[in-house]
>>> print(open('entry09.txt').read())   # compact mmCIF, C-alpha atoms
# COMPACT_ATOMS: atom_id res chain seq x y z
CA MET A 1315 -6.69 0.49 -23.00
CA LEU A 1316 -6.17 4.20 -23.14
CA ILE A 1317 -8.63 6.78 -21.94
CA PHE A 1318 -8.02 10.46 -21.63
CA SER A 1319 -10.91 12.76 -21.08
CA THR A 1320 -11.93 15.92 -19.36
CA ILE A 1321 -15.02 15.40 -17.34
CA TYR A 1322 -17.32 17.69 -15.51
CA SER A 1323 -18.37 15.32 -12.80
CA THR A 1324 -16.73 12.74 -10.57
CA HIS A 1325 -18.90 10.05 -9.09
CA TRP A 1326 -18.21 9.01 -5.51
CA PHE A 1327 -19.49 6.01 -3.61
CA GLN A 1328 -18.43 5.15 -0.08
CA THR A 1329 -19.77 2.49 2.23
CA THR A 1330 -18.64 0.30 5.11
CA ILE A 1331 -19.01 -3.43 4.50
CA GLU A 1332 -18.68 -6.18 7.06
CA LEU A 1333 -17.07 -9.53 6.32
CA SER A 1334 -18.25 -12.59 8.25
CA GLN A 1335 -15.96 -13.93 10.98
CA LYS A 1336 -13.10 -15.99 9.61
CA SER A 1337 -10.81 -18.55 11.17
CA ARG A 1338 -7.17 -17.62 11.59
CA GLY A 1339 -5.54 -17.79 8.16
CA CYS A 1340 -5.76 -16.38 4.65
CA HIS A 1341 -9.16 -16.17 2.97
CA LEU A 1342 -10.17 -15.38 -0.61
CA VAL A 1343 -12.97 -12.82 -0.27
CA THR A 1344 -13.37 -11.37 -3.78
CA LYS A 1345 -16.91 -12.67 -4.17
CA GLU A 1346 -17.95 -11.65 -0.67
CA VAL A 1347 -16.66 -8.11 -1.22
CA LEU A 1348 -18.03 -7.74 -4.74
CA SER A 1349 -21.45 -9.01 -3.70
CA LYS A 1350 -21.76 -5.93 -1.52
CA ILE A 1351 -20.66 -3.34 -4.08
CA SER A 1352 -21.33 -4.76 -7.56
CA PRO A 1353 -24.26 -2.58 -8.62
CA GLU A 1354 -22.34 0.61 -7.81
CA LEU A 1355 -19.05 -0.68 -9.22
CA SER A 1356 -20.71 -1.44 -12.54
CA LYS A 1357 -21.59 2.23 -13.01
CA PHE A 1358 -17.98 3.36 -13.36
CA LYS A 1359 -16.29 3.62 -16.74
CA VAL A 1360 -12.83 4.44 -15.35
CA GLY A 1361 -11.83 5.02 -11.77
CA LEU A 1362 -10.35 3.58 -8.63
CA ALA A 1363 -11.61 1.38 -5.84
CA THR A 1364 -10.03 1.65 -2.42
CA PHE A 1365 -10.58 -0.90 0.33
CA PHE A 1366 -9.59 0.18 3.85
CA LEU A 1367 -9.63 -2.37 6.66
CA GLN A 1368 -10.49 -0.69 9.96
CA HIS A 1369 -8.44 -3.09 12.07
CA THR A 1370 -4.93 -3.52 13.43
CA SER A 1371 -4.70 -7.31 13.72
CA ALA A 1372 -5.80 -8.42 10.25
CA GLY A 1373 -4.63 -7.51 6.77
CA LEU A 1374 -5.87 -7.00 3.20
CA SER A 1375 -3.88 -8.21 0.24
CA ILE A 1376 -4.13 -9.19 -3.41
CA ASN A 1377 -2.90 -12.62 -4.40
CA GLU A 1378 -3.87 -15.85 -6.10
CA ASN A 1379 -7.56 -16.50 -6.64
CA ALA A 1380 -7.32 -20.21 -7.47
CA ASP A 1381 -5.22 -22.83 -5.67
CA PRO A 1382 -6.15 -22.90 -1.95
CA THR A 1383 -2.74 -24.32 -1.01
CA VAL A 1384 -1.31 -20.85 -1.75
CA ARG A 1385 -3.44 -19.47 1.08
CA ALA A 1386 -2.45 -22.25 3.47
CA ASP A 1387 1.23 -21.79 2.64
CA MET A 1388 0.96 -18.00 3.02
CA SER A 1389 -0.41 -18.38 6.53
CA MET A 1390 2.25 -20.96 7.42
CA THR A 1391 5.01 -18.69 6.12
CA LEU A 1392 3.79 -15.59 7.94
CA ASP A 1393 3.72 -17.62 11.17
CA HIS A 1394 7.31 -18.67 10.44
CA ILE A 1395 8.51 -15.13 9.73
CA ILE A 1396 6.72 -13.61 12.75
CA PRO A 1397 6.81 -16.36 15.38
CA GLU A 1398 4.75 -16.27 18.57
CA THR A 1399 7.89 -17.09 20.54
CA LEU A 1400 9.63 -13.69 20.40
CA PRO A 1401 9.95 -11.81 23.73
CA TYR A 1402 6.87 -9.61 23.22
CA LYS A 1403 5.87 -7.24 26.01
CA HIS A 1404 2.36 -6.76 24.57
CA ASP A 1405 0.74 -10.06 25.44
CA ASP A 1406 -2.44 -9.27 27.37
CA GLU A 1407 -4.67 -10.72 24.69
CA GLY A 1408 -2.65 -13.89 24.16
CA PRO A 1409 0.28 -15.13 22.05
CA ASP A 1410 -1.53 -14.47 18.75
CA ASP A 1411 -2.01 -10.77 19.54
CA MET A 1412 1.32 -9.00 18.97
CA PRO A 1413 2.30 -11.16 15.98
CA ALA A 1414 -1.04 -10.15 14.46
CA HIS A 1415 -0.10 -6.46 14.75
CA VAL A 1416 3.20 -7.11 12.97
CA LYS A 1417 1.59 -9.17 10.22
CA SER A 1418 -1.04 -6.46 9.73
CA THR A 1419 1.71 -3.87 9.30
CA LEU A 1420 3.73 -5.97 6.85
CA VAL A 1421 0.75 -7.12 4.77
CA GLY A 1422 -1.10 -3.82 4.98
CA VAL A 1423 -4.69 -2.72 5.56
CA SER A 1424 -5.36 -0.71 2.42
CA LEU A 1425 -5.85 -1.74 -1.22
CA THR A 1426 -6.14 0.52 -4.27
CA VAL A 1427 -7.44 -1.23 -7.39
CA PRO A 1428 -8.21 0.37 -10.76
CA ILE A 1429 -11.73 0.23 -12.13
CA SER A 1430 -12.11 -0.30 -15.85
CA ASN A 1431 -15.45 -0.61 -17.62
CA GLY A 1432 -17.38 -1.48 -14.49
CA ASP A 1433 -14.93 -4.07 -13.14
CA LEU A 1434 -11.86 -4.25 -10.97
CA ALA A 1435 -8.87 -4.42 -13.34
CA PHE A 1436 -7.35 -7.59 -11.91
CA GLY A 1437 -4.89 -9.83 -13.67
CA THR A 1438 -6.01 -13.38 -14.43
CA TRP A 1439 -4.88 -14.84 -11.12
CA GLN A 1440 -5.62 -11.98 -8.75
CA GLY A 1441 -8.21 -11.85 -5.99
CA ILE A 1442 -8.82 -10.02 -2.71
CA TRP A 1443 -7.62 -11.71 0.45
CA LEU A 1444 -8.75 -11.09 4.00
CA ASN A 1445 -5.86 -12.23 6.17
CA GLU A 1446 -7.11 -13.01 9.67
CA PHE A 1447 -4.21 -13.03 12.11
CA ARG A 1448 -6.13 -13.50 15.38
CA ASN A 1449 -7.43 -16.82 16.58
CA HIS A 1450 -10.86 -15.21 17.10
CA GLY A 1451 -10.88 -12.01 15.13
CA GLY A 1452 -14.60 -11.51 14.75
CA LYS A 1453 -16.30 -9.68 11.92
CA ARG A 1454 -14.01 -7.39 9.96
CA ARG A 1455 -15.07 -4.00 8.57
CA ILE A 1456 -13.84 -2.51 5.33
CA VAL A 1457 -14.53 1.04 4.12
CA VAL A 1458 -14.96 0.85 0.36
CA THR A 1459 -14.58 4.05 -1.68
CA LEU A 1460 -15.21 4.06 -5.43
CA PHE A 1461 -14.64 7.13 -7.52
CA GLY A 1462 -14.23 8.01 -11.15
CA GLN A 1463 -16.14 8.69 -14.33
CA GLY A 1464 -19.60 7.29 -14.64
CA LYS A 1465 -20.56 5.38 -17.75
CA MET B 1022 3.46 23.59 -1.75
CA LEU B 1023 -0.12 24.30 -0.91
CA ILE B 1024 -2.99 24.13 -3.33
CA PHE B 1025 -6.61 24.33 -2.47
CA SER B 1026 -9.09 24.83 -5.23
CA THR B 1027 -12.53 23.94 -6.33
CA ILE B 1028 -12.51 22.61 -9.81
CA TYR B 1029 -15.17 21.73 -12.26
CA SER B 1030 -13.37 18.97 -14.06
CA THR B 1031 -11.19 16.05 -13.13
CA HIS B 1032 -8.92 14.61 -15.76
CA TRP B 1033 -8.53 10.84 -15.91
CA PHE B 1034 -5.98 8.78 -17.79
CA GLN B 1035 -5.74 5.01 -17.57
CA THR B 1036 -3.59 2.63 -19.54
CA THR B 1037 -1.94 -0.77 -19.22
CA ILE B 1038 1.81 -0.73 -19.73
CA GLU B 1039 4.06 -3.74 -20.17
CA LEU B 1040 7.55 -3.96 -18.70
CA SER B 1041 10.13 -6.08 -20.48
CA GLN B 1042 11.05 -9.43 -18.94
CA LYS B 1043 13.43 -9.08 -16.01
CA SER B 1044 15.75 -11.53 -14.31
CA ARG B 1045 14.89 -12.58 -10.77
CA GLY B 1046 15.76 -9.67 -8.47
CA CYS B 1047 15.01 -6.00 -7.84
CA HIS B 1048 14.98 -3.60 -10.80
CA LEU B 1049 14.81 0.19 -10.96
CA VAL B 1050 12.14 0.92 -13.57
CA THR B 1051 11.34 4.61 -13.11
CA LYS B 1052 12.56 5.55 -16.58
CA GLU B 1053 10.87 2.58 -18.24
CA VAL B 1054 7.54 3.43 -16.60
CA LEU B 1055 7.78 7.18 -17.18
CA SER B 1056 8.71 6.72 -20.83
CA LYS B 1057 5.29 5.23 -21.36
CA ILE B 1058 3.24 7.88 -19.54
CA SER B 1059 5.24 11.13 -19.57
CA PRO B 1060 3.18 13.15 -22.03
CA GLU B 1061 -0.01 12.51 -20.11
CA LEU B 1062 1.64 12.92 -16.70
CA SER B 1063 2.93 16.34 -17.67
CA LYS B 1064 -0.61 17.63 -18.16
CA PHE B 1065 -1.52 17.37 -14.47
CA LYS B 1066 -1.10 20.28 -12.09
CA VAL B 1067 -2.01 18.33 -8.96
CA GLY B 1068 -3.20 14.77 -8.70
CA LEU B 1069 -2.33 11.18 -8.00
CA ALA B 1070 -0.72 8.39 -9.97
CA THR B 1071 -1.56 4.79 -9.13
CA PHE B 1072 0.41 1.83 -10.46
CA PHE B 1073 -1.26 -1.56 -10.14
CA LEU B 1074 0.73 -4.70 -10.96
CA GLN B 1075 -1.55 -7.39 -12.37
CA HIS B 1076 0.49 -10.28 -10.99
CA THR B 1077 0.80 -12.42 -7.87
CA SER B 1078 4.48 -13.39 -7.99
CA ALA B 1079 6.16 -10.02 -8.43
CA GLY B 1080 5.96 -6.76 -6.50
CA LEU B 1081 6.05 -2.99 -6.92
CA SER B 1082 7.86 -0.79 -4.44
CA ILE B 1083 9.49 2.61 -4.02
CA ASN B 1084 13.09 2.71 -2.87
CA GLU B 1085 16.55 3.99 -3.72
CA ASN B 1086 17.14 5.22 -7.25
CA ALA B 1087 20.94 5.34 -7.13
CA ASP B 1088 23.24 2.68 -5.66
CA PRO B 1089 22.60 -0.69 -7.33
CA THR B 1090 23.96 -2.57 -4.32
CA VAL B 1091 20.75 -1.59 -2.52
CA ARG B 1092 18.79 -3.61 -5.08
CA ALA B 1093 21.11 -6.60 -4.82
CA ASP B 1094 20.95 -6.52 -1.03
CA MET B 1095 17.15 -6.20 -1.09
CA SER B 1096 16.83 -9.33 -3.18
CA MET B 1097 19.29 -11.22 -0.96
CA THR B 1098 17.42 -10.17 2.16
CA LEU B 1099 13.99 -11.12 0.85
CA ASP B 1100 15.39 -14.55 -0.06
CA HIS B 1101 16.69 -14.82 3.52
CA ILE B 1102 13.38 -13.79 5.10
CA ILE B 1103 11.28 -16.04 2.85
CA PRO B 1104 13.50 -19.07 2.17
CA GLU B 1105 12.75 -21.65 -0.49
CA THR B 1106 13.29 -24.39 2.08
CA LEU B 1107 10.06 -24.05 4.07
CA PRO B 1108 7.61 -27.00 3.83
CA TYR B 1109 5.44 -25.45 1.11
CA LYS B 1110 2.55 -27.52 -0.27
CA HIS B 1111 2.22 -25.26 -3.35
CA ASP B 1112 5.24 -26.32 -5.37
CA ASP B 1113 3.98 -27.33 -8.81
CA GLU B 1114 5.81 -24.52 -10.53
CA GLY B 1115 9.10 -25.00 -8.70
CA PRO B 1116 10.81 -23.83 -5.49
CA ASP B 1117 10.70 -20.15 -6.51
CA ASP B 1118 6.91 -20.15 -6.86
CA MET B 1119 5.40 -20.05 -3.36
CA PRO B 1120 8.11 -17.76 -1.95
CA ALA B 1121 7.26 -15.39 -4.81
CA HIS B 1122 3.63 -15.25 -3.68
CA VAL B 1123 4.72 -14.39 -0.14
CA LYS B 1124 7.18 -11.73 -1.28
CA SER B 1125 4.51 -10.21 -3.54
CA THR B 1126 2.16 -9.98 -0.57
CA LEU B 1127 4.73 -8.42 1.75
CA VAL B 1128 6.14 -5.96 -0.82
CA GLY B 1129 2.79 -5.19 -2.41
CA VAL B 1130 1.48 -4.78 -5.94
CA SER B 1131 0.06 -1.27 -5.78
CA LEU B 1132 1.71 2.16 -5.57
CA THR B 1133 0.03 5.54 -5.04
CA VAL B 1134 2.28 8.52 -5.80
CA PRO B 1135 1.31 12.21 -5.71
CA ILE B 1136 1.56 14.27 -8.88
CA SER B 1137 2.75 17.84 -8.51
CA ASN B 1138 3.26 20.21 -11.43
CA GLY B 1139 3.47 17.47 -14.02
CA ASP B 1140 5.86 15.21 -12.13
CA LEU B 1141 5.74 12.41 -9.59
CA ALA B 1142 6.47 14.01 -6.21
CA PHE B 1143 9.37 11.77 -5.26
CA GLY B 1144 11.99 12.52 -2.66
CA THR B 1145 15.57 12.90 -3.86
CA TRP B 1146 16.44 9.21 -3.58
CA GLN B 1147 13.15 7.59 -4.57
CA GLY B 1148 12.42 5.53 -7.66
CA ILE B 1149 10.00 2.83 -8.80
CA TRP B 1150 11.13 -0.77 -8.42
CA LEU B 1151 9.82 -3.83 -10.21
CA ASN B 1152 10.65 -6.73 -7.93
CA GLU B 1153 10.74 -9.95 -9.94
CA PHE B 1154 10.41 -12.93 -7.63
CA ARG B 1155 10.20 -15.72 -10.22
CA ASN B 1156 13.19 -17.17 -12.01
CA HIS B 1157 11.38 -16.65 -15.33
CA GLY B 1158 8.59 -14.19 -14.68
CA GLY B 1159 8.05 -12.92 -18.20
CA LYS B 1160 6.69 -9.53 -19.12
CA ARG B 1161 4.88 -7.76 -16.30
CA ARG B 1162 1.78 -5.61 -16.80
CA ILE B 1163 0.95 -2.52 -14.79
CA VAL B 1164 -2.33 -0.60 -14.95
CA VAL B 1165 -1.47 3.09 -14.59
CA THR B 1166 -4.21 5.51 -13.55
CA LEU B 1167 -3.56 9.24 -13.37
CA PHE B 1168 -6.17 11.66 -12.15
CA GLY B 1169 -6.35 15.21 -10.92
CA GLN B 1170 -6.51 18.78 -12.07
CA GLY B 1171 -5.20 19.62 -15.49
CA LYS B 1172 -2.79 22.48 -15.92
CA MET C 847 -22.81 5.00 5.51
CA LEU C 848 -23.75 5.07 1.90
CA ILE C 849 -23.21 7.97 -0.45
CA PHE C 850 -23.68 8.01 -4.14
CA SER C 851 -23.75 11.29 -5.92
CA THR C 852 -22.78 12.97 -9.10
CA ILE C 853 -20.86 16.09 -8.44
CA TYR C 854 -19.67 18.89 -10.57
CA SER C 855 -16.55 19.72 -8.62
CA THR C 856 -13.76 17.83 -6.93
CA HIS C 857 -11.79 19.61 -4.27
CA TRP C 858 -8.05 19.00 -4.15
CA PHE C 859 -5.57 19.89 -1.43
CA GLN C 860 -1.91 18.98 -1.54
CA THR C 861 0.88 20.02 0.79
CA THR C 862 4.21 18.76 2.07
CA ILE C 863 4.42 18.44 5.84
CA GLU C 864 7.54 17.85 7.89
CA LEU C 865 7.60 15.63 10.96
CA SER C 866 10.11 16.41 13.70
CA GLN C 867 13.16 14.15 14.01
CA LYS C 868 12.37 10.88 15.76
CA SER C 869 14.55 8.31 17.47
CA ARG C 870 14.89 4.91 15.81
CA GLY C 871 11.65 3.03 16.40
CA CYS C 872 7.89 3.21 15.81
CA HIS C 873 6.09 6.46 16.58
CA LEU C 874 2.39 7.31 16.76
CA VAL C 875 2.05 10.53 14.74
CA THR C 876 -1.69 10.89 14.15
CA LYS C 877 -1.94 14.11 16.14
CA GLU C 878 1.23 15.58 14.62
CA VAL C 879 -0.04 14.88 11.09
CA LEU C 880 -3.61 16.01 11.72
CA SER C 881 -2.44 19.24 13.37
CA LYS C 882 -1.00 20.25 10.02
CA ILE C 883 -4.03 19.41 7.84
CA SER C 884 -7.13 19.54 10.06
CA PRO C 885 -8.74 22.71 8.72
CA GLU C 886 -8.59 21.45 5.16
CA LEU C 887 -9.55 17.88 6.08
CA SER C 888 -12.69 19.13 7.81
CA LYS C 889 -13.98 20.60 4.56
CA PHE C 890 -14.44 17.22 2.87
CA LYS C 891 -17.73 15.33 3.02
CA VAL C 892 -16.42 12.19 1.31
CA GLY C 893 -13.02 11.58 -0.18
CA LEU C 894 -9.60 10.11 0.26
CA ALA C 895 -6.44 11.18 2.03
CA THR C 896 -3.09 9.95 0.75
CA PHE C 897 0.13 10.26 2.73
CA PHE C 898 3.35 9.75 0.78
CA LEU C 899 6.66 9.57 2.64
CA GLN C 900 9.46 10.95 0.51
CA HIS C 901 12.13 8.70 1.99
CA THR C 902 13.67 5.27 1.48
CA SER C 903 14.80 4.42 5.01
CA ALA C 904 11.62 5.03 7.00
CA GLY C 905 8.06 3.78 6.64
CA LEU C 906 4.43 4.80 7.12
CA SER C 907 1.88 2.41 8.54
CA ILE C 908 -1.46 2.21 10.29
CA ASN C 909 -1.63 0.34 13.56
CA GLU C 910 -2.61 0.62 17.21
CA ASN C 911 -3.13 4.09 18.62
CA ALA C 912 -3.12 3.17 22.31
CA ASP C 913 -0.70 0.79 24.05
CA PRO C 914 2.89 1.97 23.52
CA THR C 915 4.23 -1.56 24.08
CA VAL C 916 2.81 -2.41 20.64
CA ARG C 917 5.19 0.13 19.11
CA ALA C 918 8.17 -1.14 21.10
CA ASP C 919 7.39 -4.73 20.15
CA MET C 920 6.93 -3.80 16.48
CA SER C 921 10.39 -2.24 16.36
CA MET C 922 11.93 -5.23 18.16
CA THR C 923 10.25 -7.64 15.77
CA LEU C 924 11.30 -5.78 12.61
CA ASP C 925 14.89 -5.81 13.91
CA HIS C 926 14.54 -9.57 14.41
CA ILE C 927 13.12 -10.20 10.93
CA ILE C 928 15.67 -7.95 9.17
CA PRO C 929 18.84 -8.30 11.25
CA GLU C 930 21.85 -6.02 10.87
CA THR C 931 24.09 -9.09 10.67
CA LEU C 932 23.25 -10.23 7.11
CA PRO C 933 26.10 -9.97 4.56
CA TYR C 934 25.01 -6.61 3.12
CA LYS C 935 27.15 -5.00 0.43
CA HIS C 936 25.51 -1.58 0.92
CA ASP C 937 27.05 -0.48 4.20
CA ASP C 938 28.62 2.93 3.62
CA GLU C 939 26.25 4.66 6.00
CA GLY C 940 26.49 2.10 8.77
CA PRO C 941 24.83 -1.17 9.87
CA ASP C 942 21.40 0.46 10.25
CA ASP C 943 21.33 1.64 6.63
CA MET C 944 20.51 -1.38 4.44
CA PRO C 945 18.11 -2.94 6.95
CA ALA C 946 16.27 0.40 6.91
CA HIS C 947 15.78 0.13 3.13
CA VAL C 948 14.33 -3.36 3.53
CA LYS C 949 12.02 -2.34 6.38
CA SER C 950 10.85 0.67 4.35
CA THR C 951 9.99 -1.63 1.45
CA LEU C 952 8.13 -4.17 3.61
CA VAL C 953 6.25 -1.60 5.71
CA GLY C 954 5.66 0.81 2.83
CA VAL C 955 5.85 4.56 2.31
CA SER C 956 2.32 5.33 1.16
CA LEU C 957 -1.03 5.35 2.99
CA THR C 958 -4.51 5.79 1.51
CA VAL C 959 -7.22 6.52 4.09
CA PRO C 960 -10.88 7.29 3.41
CA ILE C 961 -12.32 10.63 4.47
CA SER C 962 -15.84 10.63 5.83
CA ASN C 963 -17.62 13.73 7.12
CA GLY C 964 -14.45 15.70 7.64
CA ASP C 965 -12.47 12.97 9.40
CA LEU C 966 -10.21 10.07 8.55
CA ALA C 967 -12.37 6.93 8.68
CA PHE C 968 -10.24 5.01 11.12
CA GLY C 969 -11.35 2.07 13.19
CA THR C 970 -11.35 2.50 16.97
CA TRP C 971 -7.76 1.40 17.47
CA GLN C 972 -6.12 2.80 14.35
CA GLY C 973 -3.55 5.58 14.13
CA ILE C 974 -0.78 6.75 11.81
CA TRP C 975 2.73 5.52 12.55
CA LEU C 976 6.01 7.01 11.42
CA ASN C 977 8.47 4.14 11.53
CA GLU C 978 12.02 5.51 11.78
CA PHE C 979 14.49 2.84 10.76
CA ARG C 980 17.71 4.89 10.86
CA ASN C 981 19.58 5.71 14.05
CA HIS C 982 19.60 9.39 13.03
CA GLY C 983 16.97 9.80 10.37
CA GLY C 984 16.36 13.52 10.67
CA LYS C 985 13.14 15.27 9.80
CA ARG C 986 10.80 13.27 7.58
CA ARG C 987 8.66 14.79 4.81
CA ILE C 988 5.22 13.56 3.83
CA VAL C 989 3.25 14.77 0.81
CA VAL C 990 -0.40 14.87 1.85
CA THR C 991 -3.07 14.88 -0.85
CA LEU C 992 -6.75 15.21 0.03
CA PHE C 993 -9.44 15.03 -2.59
CA GLY C 994 -13.17 14.49 -2.75
CA GLN C 995 -16.46 16.25 -2.38
CA GLY C 996 -16.60 19.39 -0.34
CA LYS C 997 -19.26 19.74 2.34
>>> encode(input="entry09.txt", output="structure tokens")
Amino acid sequence: MLIFSTIYSTHWFQTTIELSQKSRGCHLVTKEVLSKISPELSKFKVGLATFFLQHTSAGLSINENADPTVRADMSMTLDHIIPETLPYKHDDEGPDDMPAHVKSTLVGVSLTVPISNGDLAFGTWQGIWLNEFRNHGGKRRIVVTLFGQGK
Amino acid sequence: MLIFSTIYSTHWFQTTIELSQKSRGCHLVTKEVLSKISPELSKFKVGLATFFLQHTSAGLSINENADPTVRADMSMTLDHIIPETLPYKHDDEGPDDMPAHVKSTLVGVSLTVPISNGDLAFGTWQGIWLNEFRNHGGKRRIVVTLFGQGK
Amino acid sequence: MLIFSTIYSTHWFQTTIELSQKSRGCHLVTKEVLSKISPELSKFKVGLATFFLQHTSAGLSINENADPTVRADMSMTLDHIIPETLPYKHDDEGPDDMPAHVKSTLVGVSLTVPISNGDLAFGTWQGIWLNEFRNHGGKRRIVVTLFGQGK
């Protein structure tokens, strides 16, 4: 789909959403996120959606939206790659703390997704993941910014 | 280079490009990507280019554009970090499948590159990589969105 | 905070900043970066800030802005995950070279941060990190692009 146009106005929408507390692990949150921004998202013809997680011990990613074993395996693998048994100095908040900082850095806290005709331009199998790396992470806040051409 | 200006129009360009099927490994695709967007890219004075891969078992990254041994070593290292031998539950599509999901998450599927005077503002050694993590990944689609001030 | 508005102008600001040479390791650079862009940043009511590192052997990330042991542990852990002892072919520039390319790919070179009322919309504990993966990386250049609605 090809759009090229000069426009005289750019629409902006920015809000902070809060996701409910999640257990440690990888969670598919596309519906939860979209439920909080759908009316505004639908107003964009072409644009971008950015999702910025305001935390240092959780991560945001895009991966499979179907088989839940992918999420379980992802969490297992990240625990394998970044084990709790390394000689961390930063351990005040427990053995899950420093590994969570590393996982957050490797997975990332920021997503940029194109908007096309009122929807996020995902491939068939893509969804938004909230990756909770702490045992008790609490609610997680995401700043959502949508911008582009209105319909 | 310093530009500050108030403008009355923002140009937008969005298209889905398709990269040819690649073997498993890391591939330098700057020319292939640019060949599909160069005319439109050249029209921007200042802006941003976003590249969004619509897949969950491949990744997009920015790294060295010269020595091919860097790409071979990258692929070898990712295989070392995320081995096929972990006790994955998600294995329907073969031993390359779940590791591909993990690599996609760690490498990422989204790139945001500044546009300056009609070109991507890369450093001397930077290029766009398509990282194919499946043995037979097929064609890979990328949604390209360019926006900014026209020349 | 919720903003939806149609505007007739988008402000753009783009510049290349240079960070002073850093030792190998993870460095908190929020103040250094902001000192170079604060006047312009303060002019935006809502928008986005993108930071693009023009290098292939260093990385940009967002993580803890307080306890320095987090930075020391991050560097230690990345060295553990991507050891210098793997059978790399790309070794002309020394044993720190190829691991630096891998770390750069996994950590990333691009940050997208929302702007809200003249400031980066960070969570309480978030700051910008320059992750130097080479023993002698030299000065590091970042292309900063700010865009959005002016105040």
>>> interface_residues(input="entry09.txt", of="chain C", to="chain A", cutoff="9 Å", atoms="all atoms listed in the file", output="VMD selection string")
chain C and resid 847 to 856 892 to 894 907 to 910 913 to 916 918 to 920 922 to 924 926 to 927 952 to 954 957 to 960 962 967 to 972 994 to 995
>>> atom_distance(input="entry09.txt", atom1="atom CA of Leu1434 of chain A", atom2="atom CA of Lys1359 of chain A")
10.7 Å
>>> closest_residue(input="entry09.txt", among="C:Arg986, C:Gly905, C:Lys997, C:Arg917", to="Glu864 of chain C", atoms="only C-alpha atoms")
C:Arg986
>>> atom_distance(input="entry09.txt", atom1="atom CA of Gly973 of chain C", atom2="atom CA of Asn1449 of chain A")
22.9 Å
>>> axis_aligned_box(input="entry09.txt", around="segment 1382-1399 of chain A", padding_each_side="5 Å", output="lines of an AutoDock Vina configuration file")
center_x = 1.2
center_y = -19.0
center_z = 9.3
size_x = 24.7
size_y = 20.7
size_z = 32.5
>>> decode(input="entry09.txt", residues="segment 859-870 of chain C", atoms="N, CA and C atoms", output="compact mmCIF listing (two decimals), in the first residue's frame")
# COMPACT_ATOMS: atom_id res chain seq x y z
N PHE C 859 13.52 19.34 14.85
CA PHE C 859 14.87 19.73 15.25
C PHE C 859 15.76 18.51 15.10
N GLN C 860 16.84 18.67 14.39
CA GLN C 860 17.76 17.54 14.21
C GLN C 860 19.19 18.03 14.34
N THR C 861 19.99 17.35 15.12
CA THR C 861 21.38 17.72 15.27
C THR C 861 22.21 16.48 15.60
N THR C 862 23.50 16.56 15.33
CA THR C 862 24.40 15.46 15.71
C THR C 862 25.19 15.92 16.91
N ILE C 863 25.10 15.15 18.00
CA ILE C 863 25.87 15.47 19.19
C ILE C 863 27.01 14.47 19.35
N GLU C 864 28.04 14.87 20.07
CA GLU C 864 29.18 13.99 20.26
C GLU C 864 29.39 13.80 21.75
N LEU C 865 29.42 12.53 22.17
CA LEU C 865 29.69 12.23 23.57
C LEU C 865 31.19 12.02 23.75
N SER C 866 31.71 12.46 24.88
CA SER C 866 33.14 12.31 25.15
C SER C 866 33.49 10.83 25.23
N GLN C 867 34.78 10.52 24.97
CA GLN C 867 35.23 9.14 25.01
C GLN C 867 34.97 8.52 26.39
N LYS C 868 34.49 7.29 26.35
CA LYS C 868 34.19 6.58 27.59
C LYS C 868 35.02 5.29 27.67
N SER C 869 35.30 4.87 28.88
CA SER C 869 35.94 3.57 29.08
C SER C 869 34.95 2.47 28.70
N ARG C 870 35.46 1.28 28.48
CA ARG C 870 34.58 0.14 28.20
C ARG C 870 33.65 -0.08 29.38
